[in-house]
There are 6 protein chains.
Amino acid sequence: MDCVVTDEQLNKILTDDVPYGDLTSELLIDSSKSGVINLSARQPMTLSGVEEAARMFELRGLDVTISHGSGDTVEAGRLFLSAKGSAHRLLAVWKMAQVLVEWMSGVASATKSLVDVAQGVPVACTRKQTPGTKALSVKAVRNGGGAIHRLGLSETILIFAEHRQFVTEQGGELIAKARLQAPETKVVVEVHNIDDAKYWVAAGADVLQMDKFTPEAAKQIAEYCAENQLPTLLAAAGGVNVNNAHEYVAAGVRLLVTSWPYQAAPKDVQVSFIPD
Amino acid sequence: MDCVVTDEQLNKILTDDVPYGDLTSELLIDSSKSGVINLSARQPMTLSGVEEAARMFELRGLDVTISHGSGDTVEAGRLFLSAKGSAHRLLAVWKMAQVLVEWMSGVASATKSLVDVAQGVPVACTRKQTPGTKALSVKAVRNGGGAIHRLGLSETILIFAEHRQFVTEQGGELIAKARLQAPETKVVVEVHNIDDAKYWVAAGADVLQMDKFTPEAAKQIAEYCAENQLPTLLAAAGGVNVNNAHEYVAAGVRLLVTSWPYQAAPKDVQVSFIPD
Amino acid sequence: MDCVVTDEQLNKILTDDVPYGDLTSELLIDSSKSGVINLSARQPMTLSGVEEAARMFELRGLDVTISHGSGDTVEAGRLFLSAKGSAHRLLAVWKMAQVLVEWMSGVASATKSLVDVAQGVPVACTRKQTPGTKALSVKAVRNGGGAIHRLGLSETILIFAEHRQFVTEQGGELIAKARLQAPETKVVVEVHNIDDAKYWVAAGADVLQMDKFTPEAAKQIAEYCAENQLPTLLAAAGGVNVNNAHEYVAAGVRLLVTSWPYQAAPKDVQVSFIPD
Amino acid sequence: MDCVVTDEQLNKILTDDVPYGDLTSELLIDSSKSGVINLSARQPMTLSGVEEAARMFELRGLDVTISHGSGDTVEAGRLFLSAKGSAHRLLAVWKMAQVLVEWMSGVASATKSLVDVAQGVPVACTRKQTPGTKALSVKAVRNGGGAIHRLGLSETILIFAEHRQFVTEQGGELIAKARLQAPETKVVVEVHNIDDAKYWVAAGADVLQMDKFTPEAAKQIAEYCAENQLPTLLAAAGGVNVNNAHEYVAAGVRLLVTSWPYQAAPKDVQVSFIPD
Amino acid sequence: MDCVVTDEQLNKILTDDVPYGDLTSELLIDSSKSGVINLSARQPMTLSGVEEAARMFELRGLDVTISHGSGDTVEAGRLFLSAKGSAHRLLAVWKMAQVLVEWMSGVASATKSLVDVAQGVPVACTRKQTPGTKALSVKAVRNGGGAIHRLGLSETILIFAEHRQFVTEQGGELIAKARLQAPETKVVVEVHNIDDAKYWVAAGADVLQMDKFTPEAAKQIAEYCAENQLPTLLAAAGGVNVNNAHEYVAAGVRLLVTSWPYQAAPKDVQVSFIPD
Amino acid sequence: MDCVVTDEQLNKILTDDVPYGDLTSELLIDSSKSGVINLSARQPMTLSGVEEAARMFELRGLDVTISHGSGDTVEAGRLFLSAKGSAHRLLAVWKMAQVLVEWMSGVASATKSLVDVAQGVPVACTRKQTPGTKALSVKAVRNGGGAIHRLGLSETILIFAEHRQFVTEQGGELIAKARLQAPETKVVVEVHNIDDAKYWVAAGADVLQMDKFTPEAAKQIAEYCAENQLPTLLAAAGGVNVNNAHEYVAAGVRLLVTSWPYQAAPKDVQVSFIPD
């Protein structure tokens, strides 16, 4: 997968860290020194951010070799990225490149672990990304095999209870109002309890997002839909993680919505330098 | 503490989420509707990001009241921020403001927990922030009572083993070279084992950063410095967390360096709307 | 409707036109002179861009009064915006504010004329906006009562013939592949002839976008769907305009997709100055 | 003619349209697929924007061949641009590149049609470009053989009636005031009727811009200048188009000032894909 | 005169200096402390940059009072700007505001000294501003009573010898070529010796820019023009300064072109703080 | 030394000067013309800005050869940079590239002259750069062999008298307060008279910055430190220049702090064009 952030954004990360050169290197290391930096997985991981890290090295005039790209799942010890050139430059890019891959691979690996237990049911991550990391978070989720629930509010319809506080229409009337004006978009409704869930599947929601439902509660709604031949797609959200995902799937949920991968610990990347 | 990011950056977060309006609200809710949004702590937390969240609401033309600011430690249930105005606008800002406070308060609260066990020894967080979040991370750390180890590479000297691979001078000679050219800056040296630690305190490092030392190993170096009347300040880095910080302090460490708060789980913020 | 572009973008439009002051005004007019500028409709129009024009005057320190906002349909002669203050500043903002309203009102008024003949069938404008004008174009379309077909490519599925050149699956198999991975999104398929149209409604497309179909051809597909109880929503695209929209509606089309309003001539705005 | 907008601006156009990938392509087309896209003129046109479109493809890592550049006038069917590489990337750039060329070639071709009937008299387009399109509009006008009347207000002097409302000096006194301070700049005066026109040529304006004068009225002023040996250059503005330009030229006008090309319909570009 | 740079640019100057707070203030001064900062002229000067400095204080939430604005000539000791509020904030803005006024007032005062000896002949500063300071330099020049020779290359014609190396036409033919296509613009020609000067005034240049001519040489050309009734406006450039300006004026030069003010030493501003 | 400003910043300098092409070149010179531009030192100088100037030519598609880079000290007449290609493009970049090297080489050469008389004592330039030129000024200083005193306020501690107005603690107590919280940073104290100087070296300042001390006064403090075995490093600031630097060094000062190079006159660069 290609680099998803602009050179300007990568330059900003580098410049925020090294605005006027690496003082330590410049005082101590001769500017003619050169070498190689190698980045390897220190533990098994699904890689993410490799192309962005590579681009950081390129932006500082270094030669880069990618041996495993974002989306690859690698074992511990596997080399995935090398850069070669001026020691000053290698040292100046090092940590920002390493941290980027560590953090993105943490998100990607957590997503992957969920996808692996979801038995083919799609895993969709929410909009609750760490502030300012949206493009990187979206890539990391996709590298782990996940999808994004909603990229934003402008092209999808998700009726929260909070919306419903401000309207007078309810049920089928509210859904029809949305459909009339946006006939190309599915209508998703979020609910917080079983009664509401039954009300909105009966009202014709295209997708029902069940927030913080237990698997048992989700199952109850799935059965209700089956009995009444209601075609609503059932999604579970709020508290879905690698330990309970299979229970939701077994309950009849057909979409897992989660913010869980955004809180994953970074994966460790091993860095080594080889002076020429 | 003031808002540390520009309006342009806050606008970008809002616009990335809502580039062309909130489709759901605009289809369903009358544009004349208005109300109040309240943000409260759902669990005890040290707040951070409150001013940034408040500014997001202001940037969309809403009236804001802050009842607890960043840096305040509050119990569960405590209201800290309200905004008032158009329902369309409240709903458009809601999640981005909430997520910002949740994530920053997670970092601040984790920092605070470390500071609380450090018995007055400063806690300094590293440069390993989540990519693109530097200004927000720095604020969150400070709200929790922590400091920042190095803001960047341009105004501090920290000699890593990786630097030493590229130089011929070692020990006192290397330190003198740095000091001569940067007489206003302390020379910090990172070491990974006891022999190196003794070598560099003897060589006159101003600060010794002991990476992944056990408290026992740290204590050994503290004793070595005491015996030899070496004034080097001892810092522990790599693996310092809320469970072991007191051991490092007891061992004689005088600076705790850590990335641990950056991995803290977000704190939960309760949101409620009151329509007019 | 609020101003949809940032101050930075409005400042850029003003600065591109007046990078270092209005030479004529500054050479000839005393800097203490002041007055009022009035903007009125010179012909009947649906207004758009009024808030953006108003904000331009405010950004140069002028006091603004809006008497008709974007979305209002006004007769010839109607005053909608006044600004008051320094003559130097009024003259420096004048033309850019005027041109913005003229152009956006042209798009809005053309959209409105289509909506007026569409008998309740939604009018959705395409992504073929004049380059660099996306936010303004989207607002103008909405001010005229239209919707936007697709804001971009990242959250909607529209299978063009060009996509189909690169895949091996066709028909129901292709639609199922999309649905499996994006269960919250409707699948739209574009077709260019009657055979393809029948093939894809039979295959289960949620929406069929008929490109450059005559109303007669569109009617044939509508009948085919009715006969076969196929629930696909029919959209007409390519060549829809104010003269033929009613024929598509009569033929059974339930969504009109068009770029026609983007080519509308600007509406004329009358400007007058009143010196103090 | 070179690309006149920055990579950053082209990236913005692409990213606004495809912020997080083309969902349709990514769900349906294997990422290993590749091919060629060809852009050809569907009707006779003076090309513009070809280098900008080419750069869009390059910015997404595609190989580009330009066979006709901006400023070339080509017949229907003529291929002018090809790009080659990943199907995902070709499909993601396609429409924005096409729309850019279509719209700019519309402006260029309209300008060209005016230049062709102006018998060597320069055609200068106004500042009334579509908001936010200044650099592209200026290029398109030049590709069509036109000039730009005023790029902005900071380096030229054009005394409107609106300026004159705020000054006490008139005629020669006002012109002298401008000349004294800006001796390197010609003084242009706009007038709306014959009396004013005579007054200002007699007062010594370097250029007289006659707004919405008929060719007959323009001729009257040309004769007045000739009789009185007044060297003022005569310009016609307001309503000049391809149908009446020759009449103004015949009347003795020596500069045609117009916004007409900005309202031209886009030219049609034919796009075809060839999968590998 | 208004602030000529955007908030974004002023924020950048402040943020480059204080990216993450003023460490000294924040460690030592209680955040509740407040006071007043006063900026006064330490020597006689023509002020410039006062509004920009004031805006810097405002951008950090401080209350500002301007008692003398840009363009005012003040004696030593005169207070021109005060700001009031948080000590942390006053100290963070202090130096950048001071340096801005010192440097801009240096340029303005030097310009003023030239204008004072030019006896009404306009003083026009060149494009050779310190890189990146264009908007500020232009304002400073104007505050000193000067004009700008050329704001850029896009709207004026100045034929350098270097242009003439690349063309075959010379003299009247070259001037006519320029005039034909840009009838609204004066043709300026730069020359380096007396023979060239005579050649180009005879050829009909609107303005002759004499580079590094002595006053005597300039006088020779003025006499040549008078004898031959040539209306060319004579400008002196290259080496014009406060000591020789009157000689050029006496020689008949009617425009002084110079970069001299850009090299002026900054003027000293006295800063004092008054704690509450 | 590498280019220290981004392409975006260099493009802005070029675009501010040539927003829409070089009118003179485009009207007069055939677009097929090409040639070479040579930049040489017109006087002895320490070069700076060569890589930035080179990059400007590259950004406009020209081929560049650097024969002497920033930091090289060259005699008069020495060629350091050539660019080759389209005459239009060479002429459009020319002046901005020339002015950049002239100004930066002025700063670098002045710094060099100070370093040459400082006998190994470091020369550190202040934060008082010309507004908006920070990155370029820092590079120029380093090219001349100087260091930067403080890059900003966020990572260094310098206690001004102005800070002391807002605190109650003084002397050792104040220093201890700073040290406790920022153990990795030296504490620098600025003083304005001999009594204060003695007070603060006795209080334990790491570095004493003596503002506007005569060499004799500085010597008095050096002797006081020696007598009392106080290890404080002595720095002279305020009025240090090439004429008095050796006196400060002789007095025992071990760091020279100065803004003097920022006021140096630009060095002259000779430009010549060779048409193909």
# chains A, B, ... in the order shown; residues from 1 in each chain; ligands from 1
>>> interface_residues(of="chain F", to="chain B", cutoff="8 Å", atoms="only C-alpha atoms", output="PDB file with N, CA, C and O atoms, in the first residue's frame")
ATOM      1  N   PRO F 122      34.100  29.917  21.502  1.00  0.00           N
ATOM      2  CA  PRO F 122      32.939  29.836  20.614  1.00  0.00           C
ATOM      3  C   PRO F 122      32.215  31.172  20.458  1.00  0.00           C
ATOM      4  O   PRO F 122      32.090  31.939  21.422  1.00  0.00           O
ATOM      5  N   ALA F 147      27.997  29.354  16.338  1.00  0.00           N
ATOM      6  CA  ALA F 147      26.941  28.521  16.900  1.00  0.00           C
ATOM      7  C   ALA F 147      25.735  29.409  17.148  1.00  0.00           C
ATOM      8  O   ALA F 147      25.790  30.620  16.958  1.00  0.00           O
ATOM      9  N   ARG F 150      20.703  30.376  21.553  1.00  0.00           N
ATOM     10  CA  ARG F 150      19.478  29.675  21.928  1.00  0.00           C
ATOM     11  C   ARG F 150      18.629  29.590  20.678  1.00  0.00           C
ATOM     12  O   ARG F 150      18.331  30.602  20.059  1.00  0.00           O
ATOM     13  N   LEU F 151      18.177  28.396  20.318  1.00  0.00           N
ATOM     14  CA  LEU F 151      17.300  28.290  19.145  1.00  0.00           C
ATOM     15  C   LEU F 151      15.912  28.798  19.485  1.00  0.00           C
ATOM     16  O   LEU F 151      15.173  29.250  18.626  1.00  0.00           O
ATOM     17  N   SER F 154      12.203  27.078  24.539  1.00  0.00           N
ATOM     18  CA  SER F 154      11.570  25.896  25.121  1.00  0.00           C
ATOM     19  C   SER F 154      12.530  24.864  25.705  1.00  0.00           C
ATOM     20  O   SER F 154      12.109  24.002  26.467  1.00  0.00           O
ATOM     21  N   GLU F 155      13.810  24.917  25.339  1.00  0.00           N
ATOM     22  CA  GLU F 155      14.710  23.867  25.852  1.00  0.00           C
ATOM     23  C   GLU F 155      15.932  24.411  26.586  1.00  0.00           C
ATOM     24  O   GLU F 155      16.869  23.653  26.845  1.00  0.00           O
ATOM     25  N   THR F 156      15.984  25.688  26.845  1.00  0.00           N
ATOM     26  CA  THR F 156      17.131  26.256  27.546  1.00  0.00           C
ATOM     27  C   THR F 156      16.617  27.175  28.651  1.00  0.00           C
ATOM     28  O   THR F 156      15.496  27.675  28.582  1.00  0.00           O
ATOM     29  N   LEU F 180      16.112  21.666  39.997  1.00  0.00           N
ATOM     30  CA  LEU F 180      15.327  20.537  40.483  1.00  0.00           C
ATOM     31  C   LEU F 180      14.410  20.010  39.390  1.00  0.00           C
ATOM     32  O   LEU F 180      14.253  18.807  39.194  1.00  0.00           O
ATOM     33  N   GLN F 181      13.803  20.944  38.658  1.00  0.00           N
ATOM     34  CA  GLN F 181      12.802  20.545  37.678  1.00  0.00           C
ATOM     35  C   GLN F 181      13.400  20.243  36.302  1.00  0.00           C
ATOM     36  O   GLN F 181      12.766  19.592  35.489  1.00  0.00           O
ATOM     37  N   ALA F 182      14.579  20.747  36.041  1.00  0.00           N
ATOM     38  CA  ALA F 182      15.197  20.554  34.737  1.00  0.00           C
ATOM     39  C   ALA F 182      16.647  20.145  34.940  1.00  0.00           C
ATOM     40  O   ALA F 182      17.573  20.875  34.594  1.00  0.00           O
ATOM     41  N   PRO F 183      16.846  18.955  35.498  1.00  0.00           N
ATOM     42  CA  PRO F 183      18.202  18.574  35.894  1.00  0.00           C
ATOM     43  C   PRO F 183      19.154  18.363  34.719  1.00  0.00           C
ATOM     44  O   PRO F 183      20.370  18.306  34.927  1.00  0.00           O
ATOM     45  N   GLU F 184      18.613  18.270  33.511  1.00  0.00           N
ATOM     46  CA  GLU F 184      19.480  18.041  32.360  1.00  0.00           C
ATOM     47  C   GLU F 184      19.921  19.334  31.672  1.00  0.00           C
ATOM     48  O   GLU F 184      20.601  19.291  30.656  1.00  0.00           O
ATOM     49  N   THR F 185      19.521  20.489  32.218  1.00  0.00           N
ATOM     50  CA  THR F 185      19.740  21.758  31.535  1.00  0.00           C
ATOM     51  C   THR F 185      20.614  22.684  32.379  1.00  0.00           C
ATOM     52  O   THR F 185      20.406  22.792  33.588  1.00  0.00           O
ATOM     53  N   LYS F 186      21.593  23.364  31.753  1.00  0.00           N
ATOM     54  CA  LYS F 186      22.387  24.338  32.492  1.00  0.00           C
ATOM     55  C   LYS F 186      21.572  25.594  32.760  1.00  0.00           C
ATOM     56  O   LYS F 186      20.711  25.977  31.959  1.00  0.00           O
ATOM     57  N   VAL F 188      21.567  29.458  32.952  1.00  0.00           N
ATOM     58  CA  VAL F 188      22.277  30.652  32.499  1.00  0.00           C
ATOM     59  C   VAL F 188      21.589  31.866  33.118  1.00  0.00           C
ATOM     60  O   VAL F 188      20.361  31.922  33.170  1.00  0.00           O
ATOM     61  N   ASP F 206      25.396  28.241  36.252  1.00  0.00           N
ATOM     62  CA  ASP F 206      26.287  27.460  35.395  1.00  0.00           C
ATOM     63  C   ASP F 206      27.001  28.362  34.393  1.00  0.00           C
ATOM     64  O   ASP F 206      28.166  28.169  34.092  1.00  0.00           O
ATOM     65  N   VAL F 207      26.234  29.302  33.853  1.00  0.00           N
ATOM     66  CA  VAL F 207      26.787  30.244  32.879  1.00  0.00           C
ATOM     67  C   VAL F 207      26.322  31.637  33.278  1.00  0.00           C
ATOM     68  O   VAL F 207      25.174  31.826  33.674  1.00  0.00           O
ATOM     69  N   LEU F 233      30.833  29.441  33.854  1.00  0.00           N
ATOM     70  CA  LEU F 233      31.361  29.821  32.545  1.00  0.00           C
ATOM     71  C   LEU F 233      30.931  31.254  32.238  1.00  0.00           C
ATOM     72  O   LEU F 233      29.757  31.593  32.386  1.00  0.00           O
ATOM     73  N   LEU F 255      32.764  32.515  26.156  1.00  0.00           N
ATOM     74  CA  LEU F 255      31.680  32.406  25.157  1.00  0.00           C
ATOM     75  C   LEU F 255      31.321  33.817  24.720  1.00  0.00           C
ATOM     76  O   LEU F 255      31.055  34.681  25.555  1.00  0.00           O
TER      77      LEU F 255
END
>>> residues_around(residues="region 199-205 of chain D", least_positions_apart="2", cutoff="12 Å", atoms="only C-alpha atoms", output="PyMOL selection string")
(chain D and resi 157-161+169-176+178-179+185-197+207-210+221-235) or (chain E and resi 184)
>>> residues_around(residues="Ala87 (chain F)", least_positions_apart="5", cutoff="7 Å", atoms="only C-alpha atoms", output="tab-separated table (two decimals) with N, CA, C and O atoms, in the first residue's frame")
chain	number	residue	atom	x	y	z
F	33	LYS	N	14.55	29.83	-26.50
F	33	LYS	CA	15.91	30.28	-26.18
F	33	LYS	C	16.41	29.64	-24.90
F	33	LYS	O	15.64	29.45	-23.94
F	34	SER	N	17.70	29.35	-24.85
F	34	SER	CA	18.28	28.78	-23.64
F	34	SER	C	19.69	29.30	-23.44
F	34	SER	O	20.23	30.02	-24.28
F	35	GLY	N	20.27	28.93	-22.30
F	35	GLY	CA	21.61	29.42	-22.01
F	35	GLY	C	22.07	28.96	-20.65
F	35	GLY	O	21.54	28.00	-20.07
>>> residues_around(residues="Asp17 (chain C)", least_positions_apart="4", cutoff="10 Å", atoms="only C-alpha atoms", output="list in words")
Asn11, Lys12, Ile13, Gly21, Asp22, Ala92, Val93, Lys95 and Met96 of chain C; Arg127, Lys134, Arg150, Leu151, Gly152, Leu153 and Ser154 of chain D
>>> atom_distance(atom1="CA of His88 (chain F)", atom2="CA of Val64 (chain F)")
15.7 Å
>>> select_by_dssp(residues="region 110-260 of chain E", states="strand (DSSP E)", output="number ranges by chain")
E: 123-125, 147-148, 157-159, 187-191, 207-211, 233-237, 255-258
>>> residues_around(residues="Phe80 (chain F)", least_positions_apart="2", cutoff="12 Å", atoms="only C-alpha atoms", output="count of residues only")
37
>>> closest_atom_pairs(of="region 101-191 of chain D", to="region 239-248 of chain D", cutoff="10 Å", atoms="only C-alpha atoms", output="CSV")
residue,atom,partner,partner_atom,distance
D:Ala110,CA,D:Val242,CA,8.2
D:Thr111,CA,D:Val242,CA,8.8
D:Lys112,CA,D:Val242,CA,9.6
D:Ser113,CA,D:Val242,CA,6.5
D:Leu114,CA,D:Val242,CA,5.0
D:Val115,CA,D:Val242,CA,8.6
D:Asp116,CA,D:Val242,CA,8.8
D:Val117,CA,D:His246,CA,6.0
D:Ala118,CA,D:His246,CA,5.8
D:Gln119,CA,D:His246,CA,7.6
D:Val121,CA,D:His246,CA,9.6
D:Val123,CA,D:Ala245,CA,9.4
>>> write_last_selection(atoms="all heavy atoms", output="compact mmCIF listing (two decimals), in the first residue's frame")
# COMPACT_ATOMS: atom_id res chain seq x y z
N ALA D 110 -12.26 29.48 -25.91
CA ALA D 110 -13.07 30.69 -26.03
C ALA D 110 -12.17 31.91 -26.24
O ALA D 110 -12.45 32.78 -27.06
CB ALA D 110 -13.94 30.87 -24.79
N THR D 111 -11.09 31.97 -25.50
CA THR D 111 -10.15 33.07 -25.68
C THR D 111 -9.62 33.07 -27.10
O THR D 111 -9.56 34.11 -27.78
CB THR D 111 -8.97 32.93 -24.69
OG1 THR D 111 -9.48 32.84 -23.36
CG2 THR D 111 -8.04 34.13 -24.79
N LYS D 112 -9.25 31.88 -27.55
CA LYS D 112 -8.70 31.75 -28.90
C LYS D 112 -9.69 32.25 -29.93
O LYS D 112 -9.32 32.92 -30.92
CB LYS D 112 -8.35 30.27 -29.15
CG LYS D 112 -7.79 29.94 -30.51
CD LYS D 112 -6.42 30.53 -30.72
CE LYS D 112 -5.64 29.85 -31.81
NZ LYS D 112 -6.36 29.61 -33.05
N SER D 113 -10.95 31.96 -29.74
CA SER D 113 -11.95 32.37 -30.74
C SER D 113 -12.05 33.89 -30.80
O SER D 113 -12.28 34.47 -31.86
CB SER D 113 -13.30 31.73 -30.42
OG SER D 113 -13.85 32.31 -29.25
N LEU D 114 -11.85 34.53 -29.65
CA LEU D 114 -11.86 35.99 -29.61
C LEU D 114 -10.62 36.56 -30.28
O LEU D 114 -10.68 37.52 -31.07
CB LEU D 114 -11.88 36.48 -28.16
CG LEU D 114 -13.18 37.01 -27.62
CD1 LEU D 114 -13.03 37.35 -26.16
CD2 LEU D 114 -13.61 38.25 -28.41
N VAL D 115 -9.47 35.98 -29.94
CA VAL D 115 -8.21 36.44 -30.53
C VAL D 115 -8.27 36.33 -32.05
O VAL D 115 -7.80 37.22 -32.78
CB VAL D 115 -7.03 35.63 -29.95
CG1 VAL D 115 -5.75 35.87 -30.73
CG2 VAL D 115 -6.84 35.96 -28.46
N ASP D 116 -8.90 35.27 -32.52
CA ASP D 116 -8.96 35.04 -33.97
C ASP D 116 -9.74 36.12 -34.72
O ASP D 116 -9.52 36.33 -35.91
CB ASP D 116 -9.59 33.66 -34.25
CG ASP D 116 -8.62 32.53 -33.95
OD1 ASP D 116 -7.42 32.81 -33.76
OD2 ASP D 116 -9.07 31.37 -33.90
N VAL D 117 -10.68 36.75 -34.01
CA VAL D 117 -11.46 37.79 -34.71
C VAL D 117 -10.99 39.20 -34.37
O VAL D 117 -11.56 40.17 -34.85
CB VAL D 117 -12.97 37.67 -34.39
CG1 VAL D 117 -13.50 36.32 -34.87
CG2 VAL D 117 -13.22 37.85 -32.90
N ALA D 118 -9.93 39.31 -33.55
CA ALA D 118 -9.52 40.64 -33.07
C ALA D 118 -8.50 41.32 -33.96
O ALA D 118 -8.07 42.44 -33.67
CB ALA D 118 -8.99 40.53 -31.64
N GLN D 119 -8.11 40.69 -35.02
CA GLN D 119 -7.23 41.32 -36.02
C GLN D 119 -5.97 41.94 -35.42
O GLN D 119 -5.60 43.05 -35.77
CB GLN D 119 -8.02 42.39 -36.79
CG GLN D 119 -9.26 41.80 -37.48
CD GLN D 119 -10.26 42.90 -37.83
OE1 GLN D 119 -11.35 42.94 -37.29
NE2 GLN D 119 -9.86 43.81 -38.72
N VAL D 121 -5.50 43.10 -32.44
CA VAL D 121 -5.73 43.90 -31.23
C VAL D 121 -5.69 42.96 -30.03
O VAL D 121 -6.33 41.91 -30.05
CB VAL D 121 -7.10 44.63 -31.32
CG1 VAL D 121 -7.49 45.20 -29.96
CG2 VAL D 121 -7.04 45.72 -32.38
N VAL D 123 -6.35 40.92 -26.70
CA VAL D 123 -7.51 40.53 -25.91
C VAL D 123 -7.03 40.33 -24.46
O VAL D 123 -6.17 39.49 -24.21
CB VAL D 123 -8.12 39.21 -26.43
CG1 VAL D 123 -9.20 38.70 -25.47
CG2 VAL D 123 -8.66 39.40 -27.84
>>> select_by_dssp(residues="region 24-262 of chain A", states="helix (DSSP H, G or I)", output="PyMOL selection string")
chain A and resi 24-28+50-59+87-117+134-143+161-164+171-181+194-203+215-227+245-251+260-262
>>> atom_distance(atom1="CA of Met56 (chain E)", atom2="CA of Val4 (chain E)")
12.5 Å
